[in-house]
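Participant: Below is the file my_file-v1.cif, with mmCIF, C-alpha atoms.
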data_work
#
loop_
_atom_site.label_atom_id
_atom_site.label_comp_id
_atom_site.auth_asym_id
_atom_site.auth_seq_id
_atom_site.Cartn_x
_atom_site.Cartn_y
_atom_site.Cartn_z
CA MET A 90 -126.61 197.52 -57.31
CA THR A 91 -124.91 194.61 -58.98
CA GLN A 92 -123.94 193.28 -55.59
CA THR A 93 -127.49 193.68 -54.40
CA LEU A 94 -128.68 191.72 -57.40
CA ASP A 95 -126.05 189.07 -56.88
CA ALA A 96 -127.10 188.70 -53.28
CA GLY A 97 -130.71 188.58 -54.38
CA GLU A 98 -129.89 185.93 -56.92
CA ARG A 99 -128.06 183.90 -54.27
CA PHE A 100 -131.03 184.13 -51.92
CA SER A 101 -133.31 183.29 -54.78
CA ARG A 102 -131.21 180.20 -55.46
CA LEU A 103 -131.22 179.22 -51.78
CA ASP A 104 -134.93 179.70 -51.64
CA SER A 105 -135.37 177.56 -54.66
CA SER A 106 -133.29 174.64 -53.35
CA GLU A 107 -136.45 172.64 -52.87
CA THR A 108 -137.55 173.67 -56.29
CA ILE A 109 -134.39 172.19 -57.75
CA SER A 110 -135.04 168.82 -56.18
CA ALA A 111 -138.65 168.89 -57.33
CA PRO A 112 -138.90 171.15 -60.37
CA THR A 113 -142.26 172.77 -60.87
CA SER A 114 -143.83 173.07 -64.28
CA ALA A 115 -142.95 176.80 -64.28
CA THR A 116 -139.26 175.97 -63.73
CA ARG A 117 -139.37 173.33 -66.44
CA THR A 118 -141.01 175.78 -68.84
CA SER A 119 -138.37 178.40 -68.03
CA VAL A 120 -135.53 175.94 -68.60
CA LYS A 121 -137.11 174.79 -71.87
CA PHE A 122 -137.57 178.36 -73.03
CA GLY A 123 -133.93 179.09 -72.18
CA THR A 124 -132.80 176.08 -74.20
CA PHE A 125 -135.02 177.14 -77.08
CA ALA A 126 -133.90 180.79 -76.98
CA ILE A 127 -130.18 180.06 -76.83
CA THR A 128 -130.33 177.37 -79.54
CA PHE A 129 -132.55 179.54 -81.73
CA SER A 130 -130.08 182.42 -81.53
CA ILE A 131 -127.07 180.22 -82.31
CA ALA A 132 -128.88 178.48 -85.19
CA PHE A 133 -130.18 181.78 -86.54
CA ALA A 134 -126.70 183.26 -86.95
CA LEU A 135 -125.35 180.07 -88.51
CA LEU A 136 -128.26 179.48 -90.89
CA TYR A 137 -128.52 183.11 -91.99
CA THR A 138 -124.84 183.09 -92.95
CA VAL A 139 -125.22 179.80 -94.82
CA PHE A 140 -128.39 180.87 -96.67
CA GLU A 141 -126.88 184.21 -97.62
CA ARG A 142 -123.67 182.65 -98.90
CA LEU A 143 -125.49 179.94 -100.85
CA ASN A 144 -128.11 182.51 -101.90
CA TRP A 145 -131.08 180.44 -100.78
CA PRO A 146 -133.95 182.87 -100.23
CA LEU A 147 -137.40 181.48 -99.46
CA PHE A 148 -138.71 184.03 -101.94
CA THR A 149 -137.44 186.83 -104.15
CA TYR A 150 -139.11 190.23 -104.09
CA GLN A 151 -138.99 192.47 -107.13
CA PRO A 152 -139.73 195.93 -105.69
CA ALA A 153 -139.93 197.77 -109.01
CA VAL A 154 -142.84 195.63 -110.23
CA GLY A 155 -144.12 194.53 -106.80
CA LYS A 156 -143.85 190.81 -107.59
CA VAL A 157 -142.88 187.96 -105.26
CA TYR A 158 -141.38 184.74 -106.62
CA PHE A 159 -140.85 181.53 -104.71
CA TRP A 160 -137.19 180.69 -104.00
CA LEU A 161 -134.41 182.25 -106.10
CA HIS A 162 -135.53 184.27 -109.08
CA ARG A 163 -133.14 185.92 -111.50
CA PRO A 164 -134.77 189.18 -112.65
CA LEU A 165 -136.23 189.33 -116.14
CA SER A 166 -135.55 192.41 -118.23
CA GLY A 167 -137.57 195.39 -117.00
CA GLU A 168 -138.17 193.89 -113.54
CA GLY A 169 -135.46 195.97 -111.83
CA PRO A 170 -133.17 194.80 -109.02
CA PRO A 171 -134.22 191.73 -106.99
CA MET A 172 -134.33 191.66 -103.17
CA TYR A 173 -133.21 188.44 -101.53
CA TRP A 174 -132.70 189.69 -97.96
CA PHE A 175 -136.35 189.19 -96.97
CA GLY A 176 -136.20 185.69 -98.40
CA TRP A 177 -133.06 184.73 -96.46
CA ILE A 178 -134.66 185.91 -93.21
CA ALA A 179 -137.96 184.23 -94.07
CA LEU A 180 -136.12 180.93 -94.51
CA THR A 181 -133.87 181.43 -91.47
CA ILE A 182 -136.63 182.12 -88.92
CA PRO A 183 -138.65 178.88 -89.36
CA SER A 184 -135.45 176.85 -89.72
CA ALA A 185 -134.04 178.27 -86.47
CA ILE A 186 -137.40 177.76 -84.74
CA ALA A 187 -137.34 174.11 -85.83
CA VAL A 188 -133.78 173.69 -84.52
CA GLY A 189 -134.75 175.42 -81.25
CA TRP A 190 -137.76 173.15 -80.85
CA ILE A 191 -135.69 170.02 -81.48
CA ALA A 192 -133.24 171.30 -78.83
CA THR A 193 -135.99 171.26 -76.22
CA ILE A 194 -136.79 167.59 -76.75
CA ILE A 195 -133.31 166.06 -76.86
CA PRO A 196 -131.12 165.44 -73.78
CA ALA A 197 -129.00 168.43 -72.74
CA GLN A 198 -125.73 166.55 -73.17
CA TRP A 199 -126.58 165.64 -76.78
CA LEU A 200 -127.59 169.22 -77.43
CA ARG A 201 -124.25 170.60 -76.25
CA ARG A 202 -122.34 168.13 -78.42
CA ALA A 203 -124.61 168.67 -81.43
CA THR A 204 -124.15 172.44 -81.09
CA PHE A 205 -120.39 171.95 -80.86
CA PHE A 206 -120.46 169.70 -83.95
CA CYS A 207 -122.56 172.09 -86.06
CA CYS A 208 -120.65 175.22 -85.09
CA VAL A 209 -117.22 173.68 -85.62
CA LEU A 210 -118.36 172.19 -88.94
CA ALA A 211 -119.64 175.61 -90.01
CA GLY A 212 -116.12 176.94 -89.53
CA LEU A 213 -114.16 173.98 -90.88
CA TRP A 214 -116.18 173.34 -94.04
CA PRO A 215 -115.46 176.69 -95.75
CA ALA A 216 -111.91 176.62 -94.35
CA SER A 217 -111.41 173.18 -95.91
CA LEU A 218 -112.78 174.39 -99.25
CA GLU A 219 -110.48 177.41 -99.20
CA ALA A 220 -107.49 175.20 -98.34
CA LEU A 221 -108.33 172.90 -101.26
CA ARG A 222 -108.55 175.86 -103.63
CA ILE A 223 -105.16 177.13 -102.48
CA TYR A 224 -103.73 173.64 -102.96
CA ILE A 225 -105.20 173.39 -106.48
CA THR A 226 -103.86 176.75 -107.64
CA ASP A 227 -100.50 176.85 -105.83
CA TYR A 228 -99.28 173.31 -105.14
CA ALA A 229 -101.03 170.66 -107.25
CA THR A 230 -98.81 169.09 -109.93
CA PHE A 231 -101.75 167.32 -111.64
CA ASP A 232 -105.21 168.33 -112.85
CA ALA A 233 -106.85 168.68 -109.43
CA ASP A 234 -109.95 170.58 -110.48
CA PHE A 235 -112.18 167.74 -109.26
CA LEU A 236 -111.13 168.75 -105.72
CA ASN A 237 -112.72 172.17 -106.14
CA SER A 238 -116.08 171.04 -104.78
CA VAL A 239 -118.02 171.78 -101.60
CA TRP A 240 -118.75 168.06 -101.30
CA VAL A 241 -115.09 167.05 -101.51
CA ALA A 242 -114.29 169.75 -98.94
CA ALA A 243 -117.01 168.32 -96.72
CA ILE A 244 -115.14 165.03 -96.26
CA PRO A 245 -112.08 166.31 -94.30
CA ALA A 246 -114.28 168.88 -92.52
CA LEU A 247 -116.69 166.17 -91.35
CA VAL A 248 -113.92 163.81 -90.27
CA VAL A 249 -112.07 166.46 -88.25
CA THR A 250 -115.28 167.84 -86.74
CA ALA A 251 -116.48 164.36 -85.76
CA ALA A 252 -113.11 163.64 -84.14
CA LEU A 253 -113.13 166.93 -82.23
CA THR A 254 -116.72 166.39 -81.10
CA TYR A 255 -115.84 162.90 -79.88
CA LEU A 256 -112.74 164.12 -78.05
CA VAL A 257 -114.12 167.25 -76.44
CA PRO A 258 -114.96 166.62 -72.77
CA SER A 259 -118.63 167.01 -71.83
CA LYS A 260 -117.78 169.73 -69.34
CA SER A 261 -116.01 171.79 -72.02
CA ALA A 262 -118.90 171.35 -74.46
CA GLU A 263 -121.26 172.52 -71.74
CA ARG A 264 -119.05 175.45 -70.71
CA VAL A 265 -118.65 176.70 -74.26
CA TRP A 266 -122.35 176.30 -75.16
CA THR A 267 -123.54 179.83 -74.43
CA SER A 268 -120.32 181.24 -75.92
CA TRP A 269 -121.53 180.08 -79.35
CA LEU A 270 -124.11 182.84 -78.99
CA LEU A 271 -121.37 185.36 -79.68
CA ILE A 272 -118.97 183.25 -81.71
CA MET A 273 -121.54 182.45 -84.40
CA PRO A 274 -122.84 185.98 -85.12
CA ILE A 275 -119.33 187.45 -85.02
CA GLY A 276 -117.98 184.63 -87.21
CA GLY A 277 -120.95 185.05 -89.55
CA LEU A 278 -120.31 188.78 -89.79
CA VAL A 279 -116.64 188.15 -90.58
CA VAL A 280 -117.65 185.81 -93.43
CA LEU A 281 -120.37 188.14 -94.72
CA GLY A 282 -118.16 191.20 -94.35
CA TYR A 283 -115.36 189.46 -96.24
CA SER A 284 -117.78 188.72 -99.08
CA LEU A 285 -118.49 192.46 -99.35
CA LEU A 286 -114.82 193.44 -99.73
CA GLN A 287 -114.44 192.77 -103.46
CA PRO A 288 -117.81 194.07 -104.70
CA TRP A 289 -117.82 197.28 -102.64
CA PHE A 290 -114.85 198.12 -100.47
CA LEU A 291 -111.96 197.20 -102.78
CA ARG A 292 -113.64 198.35 -105.97
CA MET B 13 -151.16 201.75 -98.91
CA ASP B 14 -153.34 203.09 -101.74
CA ILE B 15 -155.66 204.74 -99.18
CA VAL B 16 -152.70 206.54 -97.60
CA LEU B 17 -151.52 207.73 -101.00
CA THR B 18 -154.90 209.33 -101.70
CA VAL B 19 -154.31 211.55 -98.64
CA MET B 20 -150.67 212.49 -99.24
CA ARG B 21 -148.02 212.40 -101.90
CA GLU B 22 -145.91 209.27 -102.14
CA ASP B 23 -142.61 210.99 -101.28
CA THR B 24 -144.26 212.64 -98.25
CA PHE B 25 -145.37 209.22 -97.05
CA TRP B 26 -141.85 207.79 -97.35
CA ARG B 27 -140.37 210.82 -95.58
CA ILE B 28 -142.81 210.42 -92.69
CA LEU B 29 -141.95 206.73 -92.49
CA LEU B 30 -138.24 207.57 -92.53
CA PHE B 31 -138.78 210.09 -89.75
CA CYS B 32 -140.61 207.45 -87.65
CA HIS B 33 -137.65 205.14 -88.31
CA PHE B 34 -135.33 207.87 -87.03
CA VAL B 35 -137.40 208.54 -83.88
CA THR B 36 -137.57 204.83 -83.05
CA ALA B 37 -133.82 204.60 -83.66
CA VAL B 38 -133.13 207.39 -81.17
CA ALA B 39 -135.35 205.73 -78.54
CA LEU B 40 -133.64 202.37 -79.10
CA LEU B 41 -130.19 203.97 -79.00
CA ALA B 42 -130.95 205.69 -75.72
CA ALA B 43 -132.34 202.54 -74.11
CA ILE B 44 -129.60 200.16 -75.22
CA THR B 45 -126.85 202.67 -74.43
CA LEU B 46 -128.15 203.24 -70.91
CA GLN B 47 -128.45 199.51 -70.35
CA ALA B 48 -124.97 198.84 -71.70
CA VAL B 49 -123.50 201.58 -69.51
CA ALA B 50 -125.22 200.06 -66.48
CA VAL B 51 -123.77 196.67 -67.41
CA LEU B 52 -120.26 197.97 -68.06
CA MET B 53 -120.14 200.24 -65.02
CA PRO B 54 -121.99 198.41 -62.26
CA ALA B 55 -122.76 200.19 -59.00
CA ARG B 56 -120.10 200.08 -56.32
CA GLN B 57 -120.54 199.09 -52.71
CA VAL B 58 -119.43 202.32 -51.05
CA VAL B 59 -119.37 201.39 -47.40
CA GLY B 60 -120.90 198.68 -45.27
CA ASN B 61 -124.18 197.55 -46.72
CA PHE B 62 -124.83 200.76 -48.62
CA ILE B 63 -124.76 200.41 -52.36
CA ASP B 64 -124.09 203.28 -54.74
CA ARG B 65 -127.06 202.68 -57.00
CA SER B 66 -126.91 202.68 -60.80
CA PRO B 67 -128.90 205.51 -62.38
CA MET B 68 -131.46 203.09 -63.79
CA PRO B 69 -132.45 199.44 -63.38
CA ALA B 70 -130.88 197.82 -66.45
CA ALA B 71 -133.21 194.83 -66.48
CA SER B 72 -136.37 196.90 -66.76
CA TYR B 73 -135.30 198.05 -70.23
CA ALA B 74 -134.81 194.60 -71.74
CA THR B 75 -138.37 194.01 -72.93
CA LEU B 76 -138.65 197.58 -74.22
CA ILE B 77 -135.36 197.18 -76.11
CA ALA B 78 -136.47 193.88 -77.65
CA ILE B 79 -139.79 195.39 -78.78
CA LEU B 80 -138.14 198.55 -80.12
CA TYR B 81 -135.55 196.46 -81.96
CA VAL B 82 -138.26 194.42 -83.70
CA VAL B 83 -140.34 197.50 -84.55
CA GLN B 84 -137.24 199.27 -85.82
CA ALA B 85 -136.21 196.26 -87.93
CA LEU B 86 -139.70 196.07 -89.45
CA LEU B 87 -139.73 199.79 -90.24
CA GLY B 88 -136.26 199.48 -91.72
CA ALA B 89 -137.33 196.48 -93.80
CA TRP B 90 -140.25 198.50 -95.18
CA ILE B 91 -138.06 201.49 -96.05
CA TYR B 92 -135.44 199.15 -97.47
CA VAL B 93 -137.78 198.47 -100.40
CA LYS B 94 -137.63 202.16 -101.35
CA TYR B 95 -133.89 202.30 -100.66
CA ARG B 96 -133.22 199.43 -103.07
CA THR B 97 -134.75 201.20 -106.06
CA TYR B 98 -134.66 204.89 -105.23
CA VAL B 99 -131.40 205.31 -103.30
CA ARG B 100 -129.02 202.44 -104.00
CA ILE B 101 -129.12 202.64 -107.79
CA PRO B 102 -128.03 206.33 -107.91
CA MET B 103 -125.49 205.56 -105.16
CA GLU B 104 -123.91 202.94 -107.41
CA GLN B 105 -124.07 205.22 -110.44
CA LEU B 106 -122.25 207.94 -108.49
CA ARG B 107 -119.71 205.34 -107.32
CA HIS B 108 -120.49 205.65 -103.59
CA PHE B 109 -119.39 202.05 -103.18
CA TRP B 110 -118.31 202.37 -99.54
CA THR B 111 -121.75 203.69 -98.61
CA VAL B 112 -123.47 200.82 -100.43
CA GLY B 113 -121.12 198.25 -98.86
CA SER B 114 -121.59 199.69 -95.38
CA PHE B 115 -125.34 199.55 -95.85
CA GLU B 116 -125.12 195.94 -97.04
CA PHE B 117 -123.20 195.13 -93.87
CA LYS B 118 -125.88 196.95 -91.87
CA GLU B 119 -128.44 194.42 -93.16
CA HIS B 120 -126.32 191.62 -91.81
CA ILE B 121 -125.44 193.09 -88.41
CA VAL B 122 -129.07 194.07 -87.76
CA THR B 123 -130.19 190.57 -88.75
CA MET B 124 -127.63 188.99 -86.41
CA GLY B 125 -128.86 191.26 -83.60
CA PHE B 126 -132.43 190.28 -84.40
CA GLY B 127 -131.52 186.62 -84.08
CA LEU B 128 -129.97 187.25 -80.66
CA LEU B 129 -133.10 188.86 -79.22
CA PRO B 130 -134.71 185.69 -77.76
CA ALA B 131 -131.50 184.83 -75.89
CA TYR B 132 -131.00 188.45 -74.85
CA TRP B 133 -134.52 188.64 -73.47
CA TYR B 134 -134.10 185.31 -71.70
CA PHE B 135 -130.86 186.40 -70.02
CA TRP B 136 -132.43 189.61 -68.77
CA ARG B 137 -135.70 188.17 -67.50
CA GLN B 138 -136.37 187.87 -63.78
CA PRO B 139 -134.93 186.27 -61.76
CA ARG B 140 -131.57 186.80 -63.44
CA SER B 141 -129.20 183.90 -63.20
CA ALA B 142 -125.72 184.53 -61.80
CA GLU B 143 -124.22 181.99 -64.20
CA HIS B 144 -125.19 184.14 -67.21
CA ILE B 145 -123.60 187.42 -66.07
CA VAL B 146 -120.78 187.35 -68.64
CA ILE B 147 -122.80 186.26 -71.67
CA ARG B 148 -125.61 188.69 -70.73
CA LYS B 149 -123.08 191.52 -70.75
CA TRP B 150 -121.58 190.57 -74.13
CA VAL B 151 -124.92 189.97 -75.83
CA THR B 152 -125.98 193.44 -74.65
CA ILE B 153 -122.76 194.93 -76.02
CA PHE B 154 -123.29 193.15 -79.34
CA LEU B 155 -126.74 194.68 -79.60
CA LEU B 156 -125.32 198.07 -78.63
CA ILE B 157 -122.75 197.88 -81.43
CA SER B 158 -125.34 196.70 -83.98
CA VAL B 159 -127.73 199.53 -83.09
CA TRP B 160 -125.03 202.23 -83.19
CA TYR B 161 -123.60 200.90 -86.45
CA ALA B 162 -127.06 200.77 -88.03
CA PHE B 163 -127.83 204.29 -86.85
CA ILE B 164 -124.64 205.82 -88.23
CA VAL B 165 -124.78 204.02 -91.57
CA GLY B 166 -128.51 204.71 -91.90
CA HIS B 167 -127.82 208.37 -91.23
CA VAL B 168 -125.17 208.47 -93.97
CA ALA B 169 -127.60 206.83 -96.42
CA ASN B 170 -130.27 209.32 -95.41
CA ASP B 171 -127.88 212.18 -96.08
CA PHE B 172 -127.41 210.83 -99.60
CA ARG B 173 -131.14 210.75 -100.34
CA GLY B 174 -133.65 211.09 -97.56
CA VAL B 175 -135.20 213.56 -95.12
CA GLY B 176 -133.49 216.93 -95.41
CA SER B 177 -131.03 215.82 -98.10
#
Can you give me the file's structure in the form of structure tokens?
Facilitator:
Amino acid sequence: MTQTLDAGERFSRLDSSETISAPTSATRTSVKFGTFAITFSIAFALLYTVFERLNWPLFTYQPAVGKVYFWLHRPLSGEGPPMYWFGWIALTIPSAIAVGWIATIIPAQWLRRATFFCCVLAGLWPASLEALRIYITDYATFDADFLNSVWVAAIPALVVTAALTYLVPSKSAERVWTSWLLIMPIGGLVVLGYSLLQPWFLR
Amino acid sequence: MDIVLTVMREDTFWRILLFCHFVTAVALLAAITLQAVAVLMPARQVVGNFIDRSPMPAASYATLIAILYVVQALLGAWIYVKYRTYVRIPMEQLRHFWTVGSFEFKEHIVTMGFGLLPAYWYFWRQPRSAEHIVIRKWVTIFLLISVWYAFIVGHVANDFRGVGS
């Protein structure tokens, strides 16, 4: 059946050779939707991980008293446990939609490079912060506490990411683009799963 | 909600909702498993032009799976409110930390799967593009893993305090 489909797809492509030279509005819409869908999914995984780690919920729900507070709310006494998960998702969805929409209006080549930049930065920034913390505790011979900052860690992460983005060939950026669809959720789950080790699994 | 609670007791309502969550989970599991099997074990060309057909057309399930996933996530999000106050607190008090942690991870894996749905649906829509064969397969497998993980962990949580526990 796969071979039948493949053959069908090949015929479909042959049939659409004229369509490629003169794209119809339906083809353009389909391509735009594809760009939106893929970018949305990549951005969703990245942003959800970031919002969860920074604890940036759009709202906080207090189920015991049925109250909703805007942004992060630390529970008052008698309010019971807070729920942030809804708030993280509520912030992630519009943010990812906005990113997906922007992706449909910028040139494809820029999009591939921007995706590469954001995804690599998402990996290098926390790695840089962790490396700085290891340096401070294990190697520094002076009071290096000022280095323990997300903004200080951002500097080497941004420099290295910018260099990599500049150096990566366009073809590679294009080839790897859809792969971010899996790399980002799996990477996000590794980060989020690691954050659960101490509070629950190694307790 | 108040109207419903005039007809039935509150715990009965939550048990019915949990049962609906279970039924939807089974339907979603069946659909995504069948699709993943079709993707992982494609039909062979036996001889000449004859093709040994797959038991079901994998693409026809994509929209159903996407809808079921969203419905299931919404049902789960609704029940999660009850879980947070009625189930998780005693779980922590009884030191079932692995169960709580696994459920926390379930939130994340389901959310990641939810975020992949637009791309998943796009890859499976007609006509399917040959250039997306690999990513289509892996996105489907990711969803398969997320659904199975959520089902097993949800079942464990239900056994702690839910229908029939």
Participant: Counting all atoms listed in the file, figure out which residue out of A:Leu143, A:Ile191, A:Leu281, A:Val157 gets nearest to A:Thr124.
Facilitator: A:Ile191
Participant: Do you know which residues are at most 6 Å from stretch 235-242 of chain A counting all atoms listed in the file, after dropping those on the same chain fewer than 2 positions away, and could you put them as a VMD selection string?
Facilitator: chain A and resid 217 to 218 233 244
Participant: Provide the atom CA of B:Glu116 to atom CA of B:Arg148 distance in Å, to one decimal place.
Facilitator: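 Between these atoms lies a distance of 27.3 Å.
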Participant: Neighbours of A:Glu263 within 6 Å (only C-alpha atoms; same-chain residues fewer than 3 positions away dropped), as a list of chain:residue names?
Facilitator: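 Residues meeting the cut-off are A:Arg201, A:Lys260, A:Trp266.
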Participant: Kindly provide, as a VMD selection string, the residues of chain A having any atom no farther than 6 Å from an atom of chain B, counting only C-alpha atoms.
Facilitator: chain A and resid 90 to 91 126 to 127 130 133 to 134 274 289 to 290
Participant: Since I can't run it myself right now, could you work out what the PyMOL selection byres ((chain B and resi 31) around 12) selects here and report it as a PyMOL selection string?
Facilitator: chain B and resi 24-30+32-38+84+87-88+91+166-167+170+174-176
Participant: Could you save the residues just selected, with C-alpha atoms, as a JSON list (two decimals), in the coordinates of the input?
Facilitator:
[["chain", "number", "residue", "atom", "x", "y", "z"],
["B", 24, "THR", "CA", -144.26, 212.64, -98.25],
["B", 25, "PHE", "CA", -145.37, 209.22, -97.05],
["B", 26, "TRP", "CA", -141.85, 207.79, -97.35],
["B", 27, "ARG", "CA", -140.37, 210.82, -95.58],
["B", 28, "ILE", "CA", -142.81, 210.42, -92.69],
["B", 29, "LEU", "CA", -141.95, 206.73, -92.49],
["B", 30, "LEU", "CA", -138.24, 207.57, -92.53],
["B", 32, "CYS", "CA", -140.61, 207.45, -87.65],
["B", 33, "HIS", "CA", -137.65, 205.14, -88.31],
["B", 34, "PHE", "CA", -135.33, 207.87, -87.03],
["B", 35, "VAL", "CA", -137.40, 208.54, -83.88],
["B", 36, "THR", "CA", -137.57, 204.83, -83.05],
["B", 37, "ALA", "CA", -133.82, 204.60, -83.66],
["B", 38, "VAL", "CA", -133.13, 207.39, -81.17],
["B", 84, "GLN", "CA", -137.24, 199.27, -85.82],
["B", 87, "LEU", "CA", -139.73, 199.79, -90.24],
["B", 88, "GLY", "CA", -136.26, 199.48, -91.72],
["B", 91, "ILE", "CA", -138.06, 201.49, -96.05],
["B", 166, "GLY", "CA", -128.51, 204.71, -91.90],
["B", 167, "HIS", "CA", -127.82, 208.37, -91.23],
["B", 170, "ASN", "CA", -130.27, 209.32, -95.41],
["B", 174, "GLY", "CA", -133.65, 211.09, -97.56],
["B", 175, "VAL", "CA", -135.20, 213.56, -95.12],
["B", 176, "GLY", "CA", -133.49, 216.93, -95.41]]
Participant: Can you list, as a list in words, every protein, DNA or RNA residue that comes within 9 Å of B:Gln47 when you count all atoms listed in the file, leaving out same-chain residues fewer than 6 positions away?
Facilitator: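 What passes the distance filter is Met68, Pro69, Ala70, Ala71, Tyr73, Ala74, Thr152 and Leu156 of chain B.
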Participant: How would the residues just picked look written out with C-alpha atoms as a PDB file, in the coordinates of the input?
Facilitator:
ATOM      1  CA  MET B  68    -131.460 203.090 -63.790  1.00  0.00           C
ATOM      2  CA  PRO B  69    -132.450 199.440 -63.380  1.00  0.00           C
ATOM      3  CA  ALA B  70    -130.880 197.820 -66.450  1.00  0.00           C
ATOM      4  CA  ALA B  71    -133.210 194.830 -66.480  1.00  0.00           C
ATOM      5  CA  TYR B  73    -135.300 198.050 -70.230  1.00  0.00           C
ATOM      6  CA  ALA B  74    -134.810 194.600 -71.740  1.00  0.00           C
ATOM      7  CA  THR B 152    -125.980 193.440 -74.650  1.00  0.00           C
ATOM      8  CA  LEU B 156    -125.320 198.070 -78.630  1.00  0.00           C
TER       9      LEU B 156
END
Participant: Any chance you could work out the residue set of the PyMOL selection byres ((chain A and resi 138) around 10) here, as an MDAnalysis selection string?
Facilitator: (chainID A and resid 132:137 139:144 177 181 211 273:274 276:281) or (chainID B and resid 120 124)
